[in-house]
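This is final-v2.cif (mmCIF, N, CA and C atoms).
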data_final
#
loop_
_atom_site.group_PDB
_atom_site.id
_atom_site.type_symbol
_atom_site.label_atom_id
_atom_site.label_comp_id
_atom_site.auth_asym_id
_atom_site.auth_seq_id
_atom_site.Cartn_x
_atom_site.Cartn_y
_atom_site.Cartn_z
ATOM 1 N N MET A 1 42.864 -49.642 -193.411
ATOM 2 C CA MET A 1 43.818 -48.571 -193.208
ATOM 3 C C MET A 1 44.959 -49.046 -192.316
ATOM 4 N N SER A 2 46.172 -48.707 -192.647
ATOM 5 C CA SER A 2 47.326 -49.091 -191.836
ATOM 6 C C SER A 2 47.430 -48.188 -190.610
ATOM 7 N N ILE A 3 48.232 -48.606 -189.639
ATOM 8 C CA ILE A 3 48.433 -47.779 -188.451
ATOM 9 C C ILE A 3 49.052 -46.438 -188.833
ATOM 10 N N GLN A 4 49.925 -46.437 -189.838
ATOM 11 C CA GLN A 4 50.525 -45.189 -190.302
ATOM 12 C C GLN A 4 49.471 -44.266 -190.912
ATOM 13 N N ASP A 5 48.540 -44.835 -191.688
ATOM 14 C CA ASP A 5 47.466 -44.035 -192.277
ATOM 15 C C ASP A 5 46.569 -43.453 -191.192
ATOM 16 N N ASN A 6 46.218 -44.270 -190.190
ATOM 17 C CA ASN A 6 45.402 -43.780 -189.081
ATOM 18 C C ASN A 6 46.125 -42.689 -188.303
ATOM 19 N N PHE A 7 47.412 -42.892 -188.058
ATOM 20 C CA PHE A 7 48.220 -41.916 -187.335
ATOM 21 C C PHE A 7 48.285 -40.598 -188.104
ATOM 22 N N ARG A 8 48.560 -40.682 -189.388
ATOM 23 C CA ARG A 8 48.635 -39.490 -190.241
ATOM 24 C C ARG A 8 47.301 -38.742 -190.235
ATOM 25 N N SER A 9 46.214 -39.469 -190.345
ATOM 26 C CA SER A 9 44.884 -38.859 -190.345
ATOM 27 C C SER A 9 44.598 -38.153 -189.011
ATOM 28 N N ALA A 10 44.945 -38.798 -187.911
ATOM 29 C CA ALA A 10 44.722 -38.200 -186.590
ATOM 30 C C ALA A 10 45.554 -36.931 -186.415
ATOM 31 N N MET A 11 46.802 -36.979 -186.833
ATOM 32 C CA MET A 11 47.679 -35.816 -186.673
ATOM 33 C C MET A 11 47.246 -34.650 -187.562
ATOM 34 N N ARG A 12 46.677 -34.940 -188.717
ATOM 35 C CA ARG A 12 46.170 -33.870 -189.592
ATOM 36 C C ARG A 12 44.987 -33.152 -188.963
ATOM 37 N N ARG A 13 44.203 -33.884 -188.190
ATOM 38 C CA ARG A 13 43.018 -33.303 -187.559
ATOM 39 C C ARG A 13 43.323 -32.667 -186.201
ATOM 40 N N TYR A 14 44.522 -32.874 -185.700
ATOM 41 C CA TYR A 14 44.879 -32.397 -184.375
ATOM 42 C C TYR A 14 45.188 -30.906 -184.422
ATOM 43 N N ILE A 15 44.207 -30.089 -184.083
ATOM 44 C CA ILE A 15 44.389 -28.641 -184.142
ATOM 45 C C ILE A 15 44.337 -27.994 -182.762
ATOM 46 N N TYR A 16 43.985 -28.736 -181.742
ATOM 47 C CA TYR A 16 43.901 -28.188 -180.388
ATOM 48 C C TYR A 16 45.205 -28.452 -179.659
ATOM 49 N N SER A 17 45.563 -27.547 -178.773
ATOM 50 C CA SER A 17 46.866 -27.646 -178.139
ATOM 51 C C SER A 17 46.846 -28.388 -176.805
ATOM 52 N N VAL A 18 45.685 -28.811 -176.333
ATOM 53 C CA VAL A 18 45.614 -29.496 -175.044
ATOM 54 C C VAL A 18 45.083 -30.912 -175.250
ATOM 55 N N SER A 19 45.722 -31.846 -174.578
ATOM 56 C CA SER A 19 45.333 -33.255 -174.664
ATOM 57 C C SER A 19 45.388 -33.859 -173.267
ATOM 58 N N ILE A 20 44.866 -35.063 -173.151
ATOM 59 C CA ILE A 20 44.994 -35.818 -171.910
ATOM 60 C C ILE A 20 45.668 -37.135 -172.248
ATOM 61 N N LEU A 21 46.722 -37.441 -171.503
ATOM 62 C CA LEU A 21 47.392 -38.719 -171.627
ATOM 63 C C LEU A 21 46.849 -39.588 -170.502
ATOM 64 N N SER A 22 46.404 -40.796 -170.849
ATOM 65 C CA SER A 22 45.869 -41.701 -169.832
ATOM 66 C C SER A 22 46.482 -43.081 -169.987
ATOM 67 N N ASN A 23 46.503 -43.817 -168.878
ATOM 68 C CA ASN A 23 47.000 -45.186 -168.878
ATOM 69 C C ASN A 23 46.517 -45.879 -167.615
ATOM 70 N N THR A 24 46.984 -47.078 -167.406
ATOM 71 C CA THR A 24 46.740 -47.777 -166.140
ATOM 72 C C THR A 24 48.088 -48.202 -165.576
ATOM 73 N N ASP A 25 48.161 -48.242 -164.250
ATOM 74 C CA ASP A 25 49.404 -48.687 -163.630
ATOM 75 C C ASP A 25 49.423 -50.211 -163.557
ATOM 76 N N GLU A 26 50.427 -50.775 -162.917
ATOM 77 C CA GLU A 26 50.570 -52.231 -162.860
ATOM 78 C C GLU A 26 49.424 -52.913 -162.123
ATOM 79 N N GLU A 27 48.728 -52.179 -161.254
ATOM 80 C CA GLU A 27 47.570 -52.731 -160.537
ATOM 81 C C GLU A 27 46.256 -52.435 -161.259
ATOM 82 N N ARG A 28 46.354 -51.924 -162.495
ATOM 83 C CA ARG A 28 45.196 -51.598 -163.350
ATOM 84 C C ARG A 28 44.417 -50.380 -162.860
ATOM 85 N N ASN A 29 45.032 -49.521 -162.038
ATOM 86 C CA ASN A 29 44.413 -48.271 -161.612
ATOM 87 C C ASN A 29 44.576 -47.239 -162.727
ATOM 88 N N PRO A 30 43.503 -46.539 -163.081
ATOM 89 C CA PRO A 30 43.602 -45.565 -164.168
ATOM 90 C C PRO A 30 44.330 -44.293 -163.729
ATOM 91 N N ASN A 31 45.054 -43.699 -164.658
ATOM 92 C CA ASN A 31 45.752 -42.430 -164.466
ATOM 93 C C ASN A 31 45.437 -41.533 -165.650
ATOM 94 N N ALA A 32 45.464 -40.236 -165.402
ATOM 95 C CA ALA A 32 45.282 -39.277 -166.489
ATOM 96 C C ALA A 32 45.958 -37.971 -166.119
ATOM 97 N N ILE A 33 46.519 -37.321 -167.115
ATOM 98 C CA ILE A 33 47.176 -36.034 -166.911
ATOM 99 C C ILE A 33 46.952 -35.157 -168.136
ATOM 100 N N THR A 34 46.713 -33.879 -167.906
ATOM 101 C CA THR A 34 46.597 -32.929 -168.998
ATOM 102 C C THR A 34 47.994 -32.604 -169.506
ATOM 103 N N VAL A 35 48.159 -32.635 -170.814
ATOM 104 C CA VAL A 35 49.435 -32.277 -171.426
ATOM 105 C C VAL A 35 49.195 -31.153 -172.430
ATOM 106 N N SER A 36 50.085 -30.207 -172.438
ATOM 107 C CA SER A 36 49.897 -29.050 -173.315
ATOM 108 C C SER A 36 50.657 -29.166 -174.632
ATOM 109 N N SER A 37 51.421 -30.238 -174.770
ATOM 110 C CA SER A 37 52.162 -30.401 -176.019
ATOM 111 C C SER A 37 52.257 -31.874 -176.398
ATOM 112 N N VAL A 38 51.753 -32.184 -177.564
ATOM 113 C CA VAL A 38 51.894 -33.504 -178.179
ATOM 114 C C VAL A 38 52.438 -33.243 -179.572
ATOM 115 N N THR A 39 53.575 -33.847 -179.876
ATOM 116 C CA THR A 39 54.235 -33.580 -181.148
ATOM 117 C C THR A 39 54.485 -34.878 -181.900
ATOM 118 N N SER A 40 54.078 -34.913 -183.141
ATOM 119 C CA SER A 40 54.363 -36.046 -184.011
ATOM 120 C C SER A 40 55.818 -35.943 -184.440
ATOM 121 N N ILE A 41 56.580 -37.030 -184.213
ATOM 122 C CA ILE A 41 58.001 -36.969 -184.583
ATOM 123 C C ILE A 41 58.392 -37.961 -185.667
ATOM 124 N N SER A 42 57.538 -38.952 -185.933
ATOM 125 C CA SER A 42 57.896 -39.943 -186.952
ATOM 126 C C SER A 42 56.643 -40.671 -187.428
ATOM 127 N N MET A 43 56.628 -40.998 -188.711
ATOM 128 C CA MET A 43 55.546 -41.803 -189.267
ATOM 129 C C MET A 43 55.920 -43.279 -189.301
ATOM 130 N N GLU A 44 57.204 -43.586 -189.330
ATOM 131 C CA GLU A 44 57.658 -44.973 -189.394
ATOM 132 C C GLU A 44 58.806 -45.170 -188.412
ATOM 133 N N PRO A 45 58.524 -45.687 -187.251
ATOM 134 C CA PRO A 45 57.207 -46.067 -186.759
ATOM 135 C C PRO A 45 56.450 -44.839 -186.269
ATOM 136 N N PRO A 46 55.118 -44.915 -186.188
ATOM 137 C CA PRO A 46 54.347 -43.785 -185.669
ATOM 138 C C PRO A 46 54.831 -43.447 -184.256
ATOM 139 N N SER A 47 55.282 -42.213 -184.068
ATOM 140 C CA SER A 47 55.870 -41.822 -182.785
ATOM 141 C C SER A 47 55.414 -40.430 -182.385
ATOM 142 N N LEU A 48 55.200 -40.253 -181.088
ATOM 143 C CA LEU A 48 54.820 -38.972 -180.524
ATOM 144 C C LEU A 48 55.804 -38.587 -179.434
ATOM 145 N N LEU A 49 55.963 -37.295 -179.230
ATOM 146 C CA LEU A 49 56.735 -36.769 -178.117
ATOM 147 C C LEU A 49 55.755 -36.092 -177.177
ATOM 148 N N VAL A 50 55.752 -36.531 -175.921
ATOM 149 C CA VAL A 50 54.936 -35.928 -174.873
ATOM 150 C C VAL A 50 55.852 -35.768 -173.667
ATOM 151 N N CYS A 51 55.900 -34.585 -173.108
ATOM 152 C CA CYS A 51 56.770 -34.343 -171.953
ATOM 153 C C CYS A 51 55.936 -34.384 -170.673
ATOM 154 N N ILE A 52 56.393 -35.189 -169.707
ATOM 155 C CA ILE A 52 55.685 -35.383 -168.438
ATOM 156 C C ILE A 52 56.641 -35.023 -167.301
ATOM 157 N N ASN A 53 56.168 -34.204 -166.370
ATOM 158 C CA ASN A 53 56.960 -33.835 -165.201
ATOM 159 C C ASN A 53 57.281 -35.076 -164.373
ATOM 160 N N LYS A 54 58.526 -35.211 -163.940
ATOM 161 C CA LYS A 54 58.945 -36.373 -163.150
ATOM 162 C C LYS A 54 58.208 -36.481 -161.824
ATOM 163 N N ASN A 55 57.657 -35.391 -161.334
ATOM 164 C CA ASN A 55 56.938 -35.412 -160.058
ATOM 165 C C ASN A 55 55.469 -35.792 -160.181
ATOM 166 N N SER A 56 54.974 -35.940 -161.399
ATOM 167 C CA SER A 56 53.565 -36.292 -161.571
ATOM 168 C C SER A 56 53.341 -37.770 -161.240
ATOM 169 N N ARG A 57 52.140 -38.093 -160.789
ATOM 170 C CA ARG A 57 51.809 -39.482 -160.420
ATOM 171 C C ARG A 57 51.964 -40.445 -161.583
ATOM 172 N N ILE A 58 51.655 -39.988 -162.762
ATOM 173 C CA ILE A 58 51.659 -40.870 -163.926
ATOM 174 C C ILE A 58 53.069 -41.180 -164.429
ATOM 175 N N HIS A 59 54.026 -40.351 -164.082
ATOM 176 C CA HIS A 59 55.377 -40.468 -164.638
ATOM 177 C C HIS A 59 55.953 -41.879 -164.526
ATOM 178 N N ASP A 60 55.955 -42.443 -163.335
ATOM 179 C CA ASP A 60 56.593 -43.752 -163.139
ATOM 180 C C ASP A 60 55.799 -44.912 -163.736
ATOM 181 N N THR A 61 54.555 -44.663 -164.145
ATOM 182 C CA THR A 61 53.772 -45.730 -164.778
ATOM 183 C C THR A 61 54.044 -45.809 -166.275
ATOM 184 N N LEU A 62 54.724 -44.808 -166.814
ATOM 185 C CA LEU A 62 55.063 -44.769 -168.237
ATOM 186 C C LEU A 62 56.431 -45.400 -168.427
ATOM 187 N N LYS A 63 56.417 -46.658 -168.805
ATOM 188 C CA LYS A 63 57.654 -47.408 -168.991
ATOM 189 C C LYS A 63 57.731 -47.885 -170.424
ATOM 190 N N GLU A 64 58.914 -48.188 -170.867
ATOM 191 C CA GLU A 64 59.092 -48.686 -172.227
ATOM 192 C C GLU A 64 58.196 -49.899 -172.450
ATOM 193 N N GLY A 65 57.430 -49.851 -173.522
ATOM 194 C CA GLY A 65 56.530 -50.942 -173.859
ATOM 195 C C GLY A 65 55.160 -50.853 -173.203
ATOM 196 N N SER A 66 54.950 -49.889 -172.307
ATOM 197 C CA SER A 66 53.638 -49.772 -171.663
ATOM 198 C C SER A 66 52.648 -49.102 -172.616
ATOM 199 N N LYS A 67 51.385 -49.326 -172.367
ATOM 200 C CA LYS A 67 50.330 -48.771 -173.212
ATOM 201 C C LYS A 67 49.794 -47.490 -172.587
ATOM 202 N N PHE A 68 49.446 -46.550 -173.462
ATOM 203 C CA PHE A 68 48.834 -45.302 -173.023
ATOM 204 C C PHE A 68 47.940 -44.796 -174.141
ATOM 205 N N CYS A 69 47.157 -43.804 -173.824
ATOM 206 C CA CYS A 69 46.234 -43.227 -174.794
ATOM 207 C C CYS A 69 46.393 -41.709 -174.770
ATOM 208 N N ILE A 70 46.446 -41.107 -175.941
ATOM 209 C CA ILE A 70 46.428 -39.655 -176.052
ATOM 210 C C ILE A 70 45.011 -39.276 -176.461
ATOM 211 N N ASN A 71 44.355 -38.516 -175.617
ATOM 212 C CA ASN A 71 42.986 -38.074 -175.870
ATOM 213 C C ASN A 71 43.047 -36.640 -176.391
ATOM 214 N N LEU A 72 42.712 -36.450 -177.646
ATOM 215 C CA LEU A 72 42.729 -35.130 -178.264
ATOM 216 C C LEU A 72 41.442 -34.416 -177.882
ATOM 217 N N LEU A 73 41.562 -33.299 -177.200
ATOM 218 C CA LEU A 73 40.389 -32.623 -176.654
ATOM 219 C C LEU A 73 39.822 -31.575 -177.594
ATOM 220 N N SER A 74 38.539 -31.350 -177.445
ATOM 221 C CA SER A 74 37.878 -30.261 -178.161
ATOM 222 C C SER A 74 37.645 -29.117 -177.171
ATOM 223 N N LYS A 75 37.199 -27.994 -177.658
ATOM 224 C CA LYS A 75 36.979 -26.827 -176.792
ATOM 225 C C LYS A 75 35.991 -27.119 -175.668
ATOM 226 N N ASN A 76 34.993 -27.953 -175.929
ATOM 227 C CA ASN A 76 33.973 -28.206 -174.909
ATOM 228 C C ASN A 76 34.440 -29.194 -173.839
ATOM 229 N N GLN A 77 35.696 -29.603 -173.861
ATOM 230 C CA GLN A 77 36.228 -30.506 -172.841
ATOM 231 C C GLN A 77 37.201 -29.802 -171.889
ATOM 232 N N GLU A 78 37.081 -28.501 -171.800
ATOM 233 C CA GLU A 78 37.957 -27.715 -170.941
ATOM 234 C C GLU A 78 37.839 -28.139 -169.479
ATOM 235 N N GLU A 79 36.629 -28.424 -169.010
ATOM 236 C CA GLU A 79 36.449 -28.832 -167.620
ATOM 237 C C GLU A 79 37.224 -30.118 -167.312
ATOM 238 N N LEU A 80 37.167 -31.087 -168.204
ATOM 239 C CA LEU A 80 37.911 -32.327 -168.012
ATOM 240 C C LEU A 80 39.413 -32.058 -168.007
ATOM 241 N N SER A 81 39.864 -31.192 -168.887
ATOM 242 C CA SER A 81 41.270 -30.804 -168.908
ATOM 243 C C SER A 81 41.684 -30.184 -167.578
ATOM 244 N N ASN A 82 40.837 -29.332 -167.039
ATOM 245 C CA ASN A 82 41.143 -28.690 -165.754
ATOM 246 C C ASN A 82 41.203 -29.708 -164.617
ATOM 247 N N ILE A 83 40.299 -30.667 -164.619
ATOM 248 C CA ILE A 83 40.299 -31.708 -163.579
ATOM 249 C C ILE A 83 41.583 -32.530 -163.661
ATOM 250 N N CYS A 84 41.988 -32.893 -164.861
ATOM 251 C CA CYS A 84 43.178 -33.735 -165.027
ATOM 252 C C CYS A 84 44.486 -32.989 -164.793
ATOM 253 N N SER A 85 44.411 -31.686 -164.663
ATOM 254 C CA SER A 85 45.619 -30.909 -164.382
ATOM 255 C C SER A 85 45.695 -30.472 -162.920
ATOM 256 N N ASP A 86 44.666 -30.788 -162.131
ATOM 257 C CA ASP A 86 44.599 -30.354 -160.735
ATOM 258 C C ASP A 86 44.812 -31.545 -159.803
ATOM 259 N N GLU A 87 45.931 -31.577 -159.122
ATOM 260 C CA GLU A 87 46.251 -32.686 -158.210
ATOM 261 C C GLU A 87 45.191 -32.847 -157.127
ATOM 262 N N ASN A 88 44.563 -31.744 -156.709
ATOM 263 C CA ASN A 88 43.519 -31.815 -155.678
ATOM 264 C C ASN A 88 42.245 -32.491 -156.178
ATOM 265 N N LYS A 89 42.108 -32.652 -157.483
ATOM 266 C CA LYS A 89 40.929 -33.295 -158.067
ATOM 267 C C LYS A 89 41.271 -34.659 -158.667
ATOM 268 N N TYR A 90 42.387 -35.232 -158.227
ATOM 269 C CA TYR A 90 42.864 -36.492 -158.802
ATOM 270 C C TYR A 90 41.785 -37.572 -158.796
ATOM 271 N N ASP A 91 41.033 -37.696 -157.724
ATOM 272 C CA ASP A 91 40.013 -38.742 -157.606
ATOM 273 C C ASP A 91 38.787 -38.494 -158.478
ATOM 274 N N GLU A 92 38.672 -37.310 -159.075
ATOM 275 C CA GLU A 92 37.529 -36.975 -159.925
ATOM 276 C C GLU A 92 37.800 -37.228 -161.410
ATOM 277 N N ARG A 93 39.005 -37.596 -161.753
ATOM 278 C CA ARG A 93 39.417 -37.647 -163.162
ATOM 279 C C ARG A 93 38.592 -38.591 -164.020
ATOM 280 N N PHE A 94 38.102 -39.669 -163.481
ATOM 281 C CA PHE A 94 37.371 -40.643 -164.299
ATOM 282 C C PHE A 94 35.871 -40.663 -163.983
ATOM 283 N N ASN A 95 35.374 -39.594 -163.376
ATOM 284 C CA ASN A 95 33.942 -39.501 -163.076
ATOM 285 C C ASN A 95 33.114 -39.138 -164.302
ATOM 286 N N ASP A 96 33.713 -38.574 -165.318
ATOM 287 C CA ASP A 96 32.995 -38.180 -166.524
ATOM 288 C C ASP A 96 32.428 -39.417 -167.211
ATOM 289 N N LYS A 97 31.159 -39.369 -167.578
ATOM 290 C CA LYS A 97 30.485 -40.530 -168.180
ATOM 291 C C LYS A 97 31.075 -40.931 -169.539
ATOM 292 N N ASN A 98 31.830 -40.062 -170.168
ATOM 293 C CA ASN A 98 32.391 -40.357 -171.486
ATOM 294 C C ASN A 98 33.687 -41.142 -171.443
ATOM 295 N N TRP A 99 34.280 -41.329 -170.269
ATOM 296 C CA TRP A 99 35.503 -42.119 -170.176
ATOM 297 C C TRP A 99 35.176 -43.576 -170.415
ATOM 298 N N ASN A 100 35.967 -44.236 -171.203
ATOM 299 C CA ASN A 100 35.857 -45.666 -171.413
ATOM 300 C C ASN A 100 37.176 -46.267 -170.929
ATOM 301 N N THR A 101 37.166 -46.855 -169.743
ATOM 302 C CA THR A 101 38.409 -47.395 -169.177
ATOM 303 C C THR A 101 38.544 -48.885 -169.437
ATOM 304 N N ASN A 102 37.679 -49.439 -170.274
ATOM 305 C CA ASN A 102 37.786 -50.851 -170.641
ATOM 306 C C ASN A 102 38.748 -51.007 -171.800
ATOM 307 N N LYS A 103 39.322 -52.203 -171.934
ATOM 308 C CA LYS A 103 40.212 -52.483 -173.070
ATOM 309 C C LYS A 103 39.436 -52.471 -174.356
#
For this file, produce the structure as structure tokens.
Amino acid sequence: MSIQDNFRSAMRRYIYSVSILSNTDEERNPNAITVSSVTSISMEPPSLLVCINKNSRIHDTLKEGSKFCINLLSKNQEELSNICSDENKYDERFNDKNWNTNK
């Protein structure tokens, strides 16, 4: 399957409105933020629009060419979504056993 086919398949299945965007900074520290809008804007090349507040910790780690992951959440992941949206719980974001922070 091509990247476009995988992208198209993922976007067809994307029915939930909340996601988590995650990445690592230049020192390889993990970051995650809850986002309420992920929009597919192009199939060639596969492109998404995600809006991030300039005051969020993750904002400055998102640079042109940097890698990130969009985690499409299900209803049973509401607690994780809440943790990733609460600045006071920043240190708890990767405590969930289901996170895979390896390459």
For this session: For the structure shown, which residues end up in the PyMOL selection byres (((chain A and resi 93 and name CA) around 7) and name CA)? Put them as number ranges by chain, please?
Result: A: 32, 83-84, 89-92, 94-95
For this session: Please provide as a list in words all residues within 6 Å of Ile33 of chain A, with the sequence filter that same-chain residues fewer than 4 positions apart are discarded (counting all atoms listed in the file).
Result: Ser19, Ile20, Leu21, Ser22, Cys84 and Ser85 of chain A
Seminar exercise, completed: Atom pair atom CA of Asp86 of chain A + atom CA of His59 of chain A, distance 15.3 Å
For this session: Could you give me the residues within chain A that DSSP places in helix (DSSP H, G or I), as a PyMOL selection string?
Result: chain A and resi 3-13+59-61+75-84+87-92
Exercise. If the PyMOL selection byres ((chain A and resi 60-77) around 6.5) is run on the structure shown, which residues does it catch, given as a list in words?
Worked result: Tyr16, Val18, Ser19, Ile20, Leu21, Ser22, Asn23, Thr24, Asp25, Glu26, Ser56, Arg57, Ile58, His59, Glu78, Glu79, Leu80, Ser81 and Asn82 of chain A
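For the pair atom CA of Arg28 of chain A and atom CA of Trp99 of chain A, the interatomic distance is 15.2 Å.
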Exercise. Atom CA of Asn53 of chain A to atom C of Asn88 of chain A: how many Å, to one decimal?
Worked result: 17.3 Å
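What the PyMOL selection byres ((chain A and resi 51) around 7) picks from this file is Val35, Ser37, Val38, Leu49, Val50, Ile52 and Asn53 of chain A.
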